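K.L.:
Just upload-v5.cif, nothing more (mmCIF, C-alpha atoms, pLDDT in the B column; chains and numbers go by the auth columns):
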```
data_input
#
loop_
_atom_site.group_PDB
_atom_site.id
_atom_site.type_symbol
_atom_site.label_atom_id
_atom_site.label_comp_id
_atom_site.label_asym_id
_atom_site.label_seq_id
_atom_site.Cartn_x
_atom_site.Cartn_y
_atom_site.Cartn_z
_atom_site.B_iso_or_equiv
_atom_site.auth_seq_id
_atom_site.auth_asym_id
ATOM 1 C CA MET A 1 4.252 -7.661 0.801 96.00 941 O
ATOM 2 C CA ASP A 2 3.928 -10.850 -1.243 98.00 942 O
ATOM 3 C CA LYS A 3 1.212 -12.015 1.149 98.00 943 O
ATOM 4 C CA TYR A 4 -0.903 -8.922 0.413 98.00 944 O
ATOM 5 C CA ILE A 5 -0.286 -9.118 -3.331 98.00 945 O
ATOM 6 C CA ASN A 6 -1.426 -12.748 -3.269 98.00 946 O
ATOM 7 C CA ILE A 7 -4.581 -11.805 -1.348 98.00 947 O
ATOM 8 C CA ALA A 8 -5.468 -9.164 -3.946 98.00 948 O
ATOM 9 C CA ILE A 9 -4.904 -11.600 -6.819 98.00 949 O
ATOM 10 C CA ALA A 10 -6.906 -14.322 -5.033 98.00 950 O
ATOM 11 C CA GLN A 11 -9.794 -11.835 -4.748 98.00 951 O
ATOM 12 C CA GLY A 12 -9.763 -11.466 -8.553 98.00 952 O
ATOM 13 C CA ALA A 13 -7.474 -8.483 -9.150 98.00 953 O
ATOM 14 C CA GLN A 14 -5.472 -8.608 -12.377 97.00 954 O
ATOM 15 C CA HIS A 15 -2.516 -6.706 -10.942 97.00 955 O
ATOM 16 C CA ALA A 16 -1.232 -5.719 -7.515 98.00 956 O
ATOM 17 C CA VAL A 17 1.907 -3.594 -7.421 97.00 957 O
ATOM 18 C CA ALA A 18 3.699 -2.289 -4.326 98.00 958 O
ATOM 19 C CA VAL A 19 5.121 1.234 -4.559 98.00 959 O
ATOM 20 C CA THR A 20 6.016 4.069 -2.203 98.00 960 O
ATOM 21 C CA PRO A 21 4.016 7.270 -1.697 98.00 961 O
ATOM 22 C CA ASP A 22 6.679 9.010 -3.827 97.00 962 O
ATOM 23 C CA ASP A 23 5.363 6.999 -6.799 97.00 963 O
ATOM 24 C CA ILE A 24 1.871 8.459 -6.360 97.00 964 O
ATOM 25 C CA ALA A 25 1.020 11.506 -8.509 96.00 965 O
ATOM 26 C CA PHE A 26 -0.693 13.920 -6.143 95.00 966 O
ATOM 27 C CA ASP A 27 -2.562 16.726 -7.911 94.00 967 O
ATOM 28 C CA GLY A 28 -5.422 18.607 -6.281 89.00 968 O
ATOM 29 C CA ARG A 29 -6.815 19.505 -9.711 91.00 969 O
ATOM 30 C CA THR A 30 -8.505 16.105 -9.688 89.00 970 O
ATOM 31 C CA LEU A 31 -11.184 17.752 -7.575 87.00 971 O
ATOM 32 C CA LEU A 32 -12.148 19.831 -10.632 89.00 972 O
ATOM 33 C CA LYS A 33 -13.010 16.609 -12.473 85.00 973 O
ATOM 34 C CA CYS A 34 -15.194 15.609 -9.528 84.00 974 O
ATOM 35 C CA MET A 35 -16.950 18.973 -9.349 86.00 975 O
ATOM 36 C CA PHE A 36 -17.433 19.433 -13.072 88.00 976 O
ATOM 37 C CA GLY A 37 -18.239 16.173 -14.766 81.00 977 O
ATOM 38 C CA CYS A 38 -19.349 13.746 -12.100 81.00 978 O
ATOM 39 C CA ALA A 39 -23.090 13.188 -11.736 80.00 979 O
ATOM 40 C CA ASP A 40 -22.513 12.106 -8.123 79.00 980 O
ATOM 41 C CA TRP A 41 -21.054 15.459 -6.998 84.00 981 O
ATOM 42 C CA GLY A 42 -22.833 16.442 -3.833 80.00 982 O
ATOM 43 C CA LYS A 43 -24.578 13.089 -3.582 80.00 983 O
ATOM 44 C CA GLY A 44 -22.186 10.149 -3.160 79.00 984 O
ATOM 45 C CA CYS A 45 -21.479 9.105 0.412 79.00 985 O
ATOM 46 C CA THR A 46 -17.705 9.048 -0.205 82.00 986 O
ATOM 47 C CA CYS A 47 -17.761 12.209 -2.314 81.00 987 O
ATOM 48 C CA PRO A 48 -15.394 15.087 -1.476 83.00 988 O
ATOM 49 C CA SER A 49 -18.413 17.411 -1.585 79.00 989 O
ATOM 50 C CA LYS A 50 -19.793 15.899 1.623 79.00 990 O
ATOM 51 C CA ASP A 51 -19.595 17.957 4.810 79.00 991 O
ATOM 52 C CA GLY A 52 -16.552 17.015 6.833 80.00 992 O
ATOM 53 C CA PHE A 53 -14.613 15.479 3.911 84.00 993 O
ATOM 54 C CA LEU A 54 -10.965 16.513 3.911 85.00 994 O
ATOM 55 C CA LYS A 55 -9.813 18.566 0.940 80.00 995 O
ATOM 56 C CA PRO A 56 -7.219 17.036 -1.447 72.00 996 O
ATOM 57 C CA GLY A 57 -4.413 19.166 0.004 83.00 997 O
ATOM 58 C CA GLU A 58 -5.240 17.847 3.466 91.00 998 O
ATOM 59 C CA PHE A 59 -5.025 14.205 2.388 92.00 999 O
ATOM 60 C CA GLU A 60 -1.567 14.351 0.828 95.00 1000 O
ATOM 61 C CA PRO A 61 0.512 14.932 4.006 96.00 1001 O
ATOM 62 C CA LEU A 62 -1.395 12.149 5.765 96.00 1002 O
ATOM 63 C CA LEU A 63 -0.951 9.663 2.920 97.00 1003 O
ATOM 64 C CA ARG A 64 2.747 10.477 2.498 97.00 1004 O
ATOM 65 C CA ARG A 65 3.344 9.170 6.031 98.00 1005 O
ATOM 66 C CA TYR A 66 2.676 5.601 4.858 98.00 1006 O
ATOM 67 C CA LYS A 67 5.613 3.418 3.849 98.00 1007 O
ATOM 68 C CA THR A 68 4.066 1.346 1.055 98.00 1008 O
ATOM 69 C CA VAL A 69 1.074 1.648 -1.261 98.00 1009 O
ATOM 70 C CA LEU A 70 -0.356 -1.465 -2.880 98.00 1010 O
ATOM 71 C CA ILE A 71 -1.980 -0.473 -6.185 98.00 1011 O
ATOM 72 C CA ILE A 72 -4.696 -2.941 -7.193 98.00 1012 O
ATOM 73 C CA HIS A 73 -6.118 -3.185 -10.725 97.00 1013 O
ATOM 74 C CA SER A 74 -9.232 -4.919 -12.031 97.00 1014 O
ATOM 75 C CA PRO A 75 -11.618 -4.343 -14.938 95.00 1015 O
ATOM 76 C CA ASP A 76 -14.397 -4.765 -12.356 94.00 1016 O
ATOM 77 C CA LYS A 77 -14.950 -1.981 -9.812 92.00 1017 O
ATOM 78 C CA LYS A 78 -16.439 -4.334 -7.189 94.00 1018 O
ATOM 79 C CA ILE A 79 -13.470 -6.692 -7.435 96.00 1019 O
ATOM 80 C CA ALA A 80 -10.988 -3.821 -7.016 96.00 1020 O
ATOM 81 C CA GLN A 81 -12.794 -2.631 -3.900 94.00 1021 O
ATOM 82 C CA LYS A 82 -13.235 -6.138 -2.483 96.00 1022 O
ATOM 83 C CA ALA A 83 -9.538 -6.932 -3.005 98.00 1023 O
ATOM 84 C CA ALA A 84 -8.424 -3.676 -1.382 97.00 1024 O
ATOM 85 C CA TYR A 85 -10.616 -4.224 1.639 96.00 1025 O
ATOM 86 C CA ALA A 86 -9.432 -7.840 2.001 97.00 1026 O
ATOM 87 C CA VAL A 87 -5.821 -6.628 2.045 98.00 1027 O
ATOM 88 C CA GLU A 88 -6.697 -3.831 4.479 97.00 1028 O
ATOM 89 C CA ARG A 89 -8.358 -6.295 6.842 97.00 1029 O
ATOM 90 C CA GLU A 90 -5.449 -8.759 6.725 98.00 1030 O
ATOM 91 C CA ALA A 91 -2.867 -6.021 7.282 98.00 1031 O
ATOM 92 C CA TYR A 92 -4.900 -4.754 10.230 98.00 1032 O
ATOM 93 C CA LEU A 93 -5.008 -8.247 11.712 98.00 1033 O
ATOM 94 C CA ASP A 94 -1.236 -8.425 11.146 98.00 1034 O
ATOM 95 C CA GLY A 95 -0.829 -5.380 13.401 98.00 1035 O
ATOM 96 C CA ASP A 96 -0.962 -2.415 10.993 98.00 1036 O
ATOM 97 C CA ALA A 97 -3.573 -0.441 12.943 98.00 1037 O
ATOM 98 C CA LEU A 98 -3.551 2.525 10.542 98.00 1038 O
ATOM 99 C CA VAL A 99 -3.727 0.617 7.232 98.00 1039 O
ATOM 100 C CA PHE A 100 -6.213 2.332 4.891 97.00 1040 O
ATOM 101 C CA SER A 101 -7.715 1.264 1.594 97.00 1041 O
ATOM 102 C CA MET A 102 -9.186 3.432 -1.151 95.00 1042 O
ATOM 103 C CA SER A 103 -11.384 2.596 -4.078 92.00 1043 O
ATOM 104 C CA ASP A 104 -14.258 3.949 -6.073 87.00 1044 O
ATOM 105 C CA CYS A 105 -17.175 2.693 -3.993 82.00 1045 O
ATOM 106 C CA ALA A 106 -19.183 -0.162 -5.502 82.00 1046 O
ATOM 107 C CA ILE A 107 -20.795 -1.619 -2.410 83.00 1047 O
ATOM 108 C CA CYS A 108 -24.410 -0.717 -3.080 78.00 1048 O
ATOM 109 C CA GLU A 109 -26.339 -0.930 -6.342 82.00 1049 O
ATOM 110 C CA LYS A 110 -27.464 2.647 -5.695 81.00 1050 O
ATOM 111 C CA CYS A 111 -25.625 4.912 -3.287 78.00 1051 O
ATOM 112 C CA ALA A 112 -27.880 5.996 -0.407 79.00 1052 O
ATOM 113 C CA GLY A 113 -26.405 9.471 -0.756 77.00 1053 O
ATOM 114 C CA LYS A 114 -28.222 9.898 -4.051 78.00 1054 O
ATOM 115 C CA ASP A 115 -31.460 9.803 -2.072 79.00 1055 O
ATOM 116 C CA GLY A 116 -30.098 12.118 0.627 79.00 1056 O
ATOM 117 C CA GLU A 117 -29.580 9.256 3.062 81.00 1057 O
ATOM 118 C CA SER A 118 -26.526 8.261 5.093 83.00 1058 O
ATOM 119 C CA CYS A 119 -24.120 5.590 3.909 81.00 1059 O
ATOM 120 C CA ARG A 120 -25.452 2.068 4.467 82.00 1060 O
ATOM 121 C CA ASP A 121 -21.975 0.562 4.961 84.00 1061 O
ATOM 122 C CA VAL A 122 -19.597 3.070 6.529 83.00 1062 O
ATOM 123 C CA LYS A 123 -17.377 0.218 7.710 84.00 1063 O
ATOM 124 C CA HIS A 124 -16.405 -0.663 4.122 85.00 1064 O
ATOM 125 C CA ALA A 125 -17.013 2.527 2.104 86.00 1065 O
ATOM 126 C CA ARG A 126 -13.827 4.338 1.129 88.00 1066 O
ATOM 127 C CA PRO A 127 -12.984 7.371 -1.018 89.00 1067 O
ATOM 128 C CA ALA A 128 -11.703 7.067 -4.561 88.00 1068 O
ATOM 129 C CA PHE A 129 -8.160 8.077 -5.563 86.00 1069 O
ATOM 130 C CA HIS A 130 -9.191 11.146 -7.517 87.00 1070 O
ATOM 131 C CA SER A 131 -11.448 12.420 -4.728 88.00 1071 O
ATOM 132 C CA VAL A 132 -8.426 12.823 -2.441 91.00 1072 O
ATOM 133 C CA GLY A 133 -6.208 14.567 -4.981 92.00 1073 O
ATOM 134 C CA ILE A 134 -4.469 11.667 -6.732 94.00 1074 O
ATOM 135 C CA ASP A 135 -4.036 11.674 -10.499 94.00 1075 O
ATOM 136 C CA VAL A 136 -4.844 8.046 -11.248 94.00 1076 O
ATOM 137 C CA PHE A 137 -3.819 8.332 -14.915 93.00 1077 O
ATOM 138 C CA ALA A 138 -0.354 9.697 -14.113 95.00 1078 O
ATOM 139 C CA THR A 139 0.143 7.237 -11.244 96.00 1079 O
ATOM 140 C CA VAL A 140 -0.666 4.063 -13.162 94.00 1080 O
ATOM 141 C CA LYS A 141 1.105 5.238 -16.326 94.00 1081 O
ATOM 142 C CA LYS A 142 4.365 5.356 -14.328 93.00 1082 O
ATOM 143 C CA LEU A 143 3.711 1.756 -13.308 93.00 1083 O
ATOM 144 C CA GLY A 144 2.961 0.521 -16.821 93.00 1084 O
ATOM 145 C CA LEU A 145 -0.590 -0.450 -15.876 94.00 1085 O
ATOM 146 C CA PRO A 146 -3.521 -0.072 -18.301 91.00 1086 O
ATOM 147 C CA LEU A 147 -5.722 3.017 -18.234 90.00 1087 O
ATOM 148 C CA LYS A 148 -7.031 5.252 -20.994 87.00 1088 O
ATOM 149 C CA PRO A 149 -10.003 7.531 -21.498 86.00 1089 O
ATOM 150 C CA LEU A 150 -12.958 5.536 -22.770 84.00 1090 O
ATOM 151 C CA LYS A 151 -14.711 6.551 -25.964 88.00 1091 O
ATOM 152 C CA ASP A 152 -17.891 4.777 -24.870 86.00 1092 O
ATOM 153 C CA GLU A 153 -19.164 2.667 -21.990 80.00 1093 O
ATOM 154 C CA GLU A 154 -18.809 -0.547 -23.995 84.00 1094 O
ATOM 155 C CA GLU A 155 -14.999 -0.442 -23.792 86.00 1095 O
ATOM 156 C CA GLU A 156 -13.337 -2.467 -21.047 87.00 1096 O
ATOM 157 C CA GLN A 157 -12.884 -0.349 -17.979 90.00 1097 O
ATOM 158 C CA ASN A 158 -9.905 -0.324 -15.647 93.00 1098 O
ATOM 159 C CA TRP A 159 -10.561 0.265 -11.960 94.00 1099 O
ATOM 160 C CA TYR A 160 -7.900 0.990 -9.390 95.00 1100 O
ATOM 161 C CA ALA A 161 -7.825 0.688 -5.636 96.00 1101 O
ATOM 162 C CA ALA A 162 -4.979 1.261 -3.203 97.00 1102 O
ATOM 163 C CA VAL A 163 -4.007 0.043 0.222 98.00 1103 O
ATOM 164 C CA TRP A 164 -1.809 2.352 2.262 98.00 1104 O
ATOM 165 C CA LEU A 165 0.441 0.338 4.589 98.00 1105 O
ATOM 166 C CA ASN A 166 2.924 1.158 7.341 96.00 1106 O
#
```
Would you mind writing the structure in this file as structure tokens?

P.N.:
Amino acid sequence: MDKYINIAIAQGAQHAVAVTPDDIAFDGRTLLKCMFGCADWGKGCTCPSKDGFLKPGEFEPLLRRYKTVLIIHSPDKKIAQKAAYAVEREAYLDGDALVFSMSDCAICEKCAGKDGESCRDVKHARPAFHSVGIDVFATVKKLGLPLKPLKDEEEEQNWYAAVWLN
């Protein structure tokens, strides 16, 4: 696991912490925050509102089958996603065929879904924690990692990604 932690840090992540799926706070109510409060609802290419997207309750049993979850933190959304994908790729090359990363997508400046188009980078786009029924606040609080509601957009943000490993 040290190898994957080092990859995440080398990509610019501030923290990378290995936990088990039992340390993840699953709560399908996160979908309510997506539906009521997110301007991307029904538009984002990795949004749970898209046709064919599994519902939060359908994700949990799949994710619980993984052995380890690497939680990656950065104040920059693109860095969190880049680090998670770098770890996913390395773990895949190491033989973990079902490794899966998650992060709030930051690949494109403007999501193609907002214009009703298909995702421009399906190879790298992944769903966010909350969109699959994970309470990010409760999860990272247990780990002592920083996260709080922001009073305005000028405050430093904290972005989280995860890599699910066998």

K.L.:
What does the distance from CA of Leu1083 (chain O) to CA of Val957 (chain O) come to in Å, to one decimal?

P.N.:
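About the pair CA of Leu1083 (chain O) and CA of Val957 (chain O): they are 8.2 Å apart.
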
K.L.:
Could you expand the PyMOL selection byres ((chain O and resi 1043-1047) around 10) into the explicit residues it covers here, written as a ChimeraX atom specification?

P.N.:
/O:984-987,1012,1016-1025,1041-1042,1048-1051,1060-1061,1064-1071,1099-1103

K.L.:
Please compute the CA of Gly977 (chain O)-CA of Leu1085 (chain O) distance, one decimal, in Å.

P.N.:
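Here the two named atoms are 24.3 Å from each other.
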
K.L.:
To one decimal place, how far is CA of Lys1054 (chain O) from CA of Gly982 (chain O) in Å?

P.N.:
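Answer for the CA of Lys1054 (chain O) to CA of Gly982 (chain O) separation: 8.5 Å.
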
K.L.:
Can you spell out as number ranges by chain the set of residues that the PyMOL selection byres ((chain O and resi 942-947) around 12) selects in the structure I just provided?

P.N.:
O: 941, 948-959, 1008-1013, 1019-1020, 1022-1032, 1034, 1102-1105

K.L.:
As a check of understanding, name the residues that the PyMOL selection byres ((chain O and resi 962-966) around 6) selects in the supplied structure, as a PDB file with C-alpha atoms, keeping the file's coordinate frame.

P.N.:
```pdb
ATOM      1  CA  THR O 960       6.016   4.069  -2.203  1.00 98.00           C
ATOM      2  CA  PRO O 961       4.016   7.270  -1.697  1.00 98.00           C
ATOM      3  CA  ASP O 967      -2.562  16.726  -7.911  1.00 94.00           C
ATOM      4  CA  GLY O1073      -6.208  14.567  -4.981  1.00 92.00           C
ATOM      5  CA  ILE O1074      -4.469  11.667  -6.732  1.00 94.00           C
ATOM      6  CA  ASP O1075      -4.036  11.674 -10.499  1.00 94.00           C
ATOM      7  CA  THR O1079       0.143   7.237 -11.244  1.00 96.00           C
TER       8      THR O1079
END
```

K.L.:
Near region 1096-1098 of chain O, counting only C-alpha atoms, which residues have an atom at most 6 Å away, once you skip same-chain residues fewer than 3 positions from it, shown as number ranges by chain?

P.N.:
O: 1014-1015, 1087

K.L.:
Kindly save the residues from that selection, with C-alpha atoms included, as a CSV table (one decimal), in the frame of the given file.

P.N.:
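Result file follows (result.csv):
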```
chain,number,residue,atom,x,y,z
O,1014,SER,CA,-9.2,-4.9,-12.0
O,1015,PRO,CA,-11.6,-4.3,-14.9
O,1087,LEU,CA,-5.7,3.0,-18.2
```

K.L.:
For Glu1057 (chain O), which residue among O:Asn1106, O:Lys990, O:Met975, O:Arg969 is the nearest when counting all atoms listed in the file?

P.N.:
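When distances to Glu1057 (chain O) are compared using all atoms listed in the file, the smallest one comes from O:Lys990.
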
K.L.:
Step by step, gather every atom of region 994-1003 of chain O that the file lists, find the box along x, y and z that holds them, add 4 Å on each side, and finally give centre and edge lengths in Å to one decimal, as JSON.

P.N.:
```
{"center_x": -5.2, "center_y": 14.4, "center_z": 2.2, "size_x": 19.5, "size_y": 17.5, "size_z": 15.2}
```
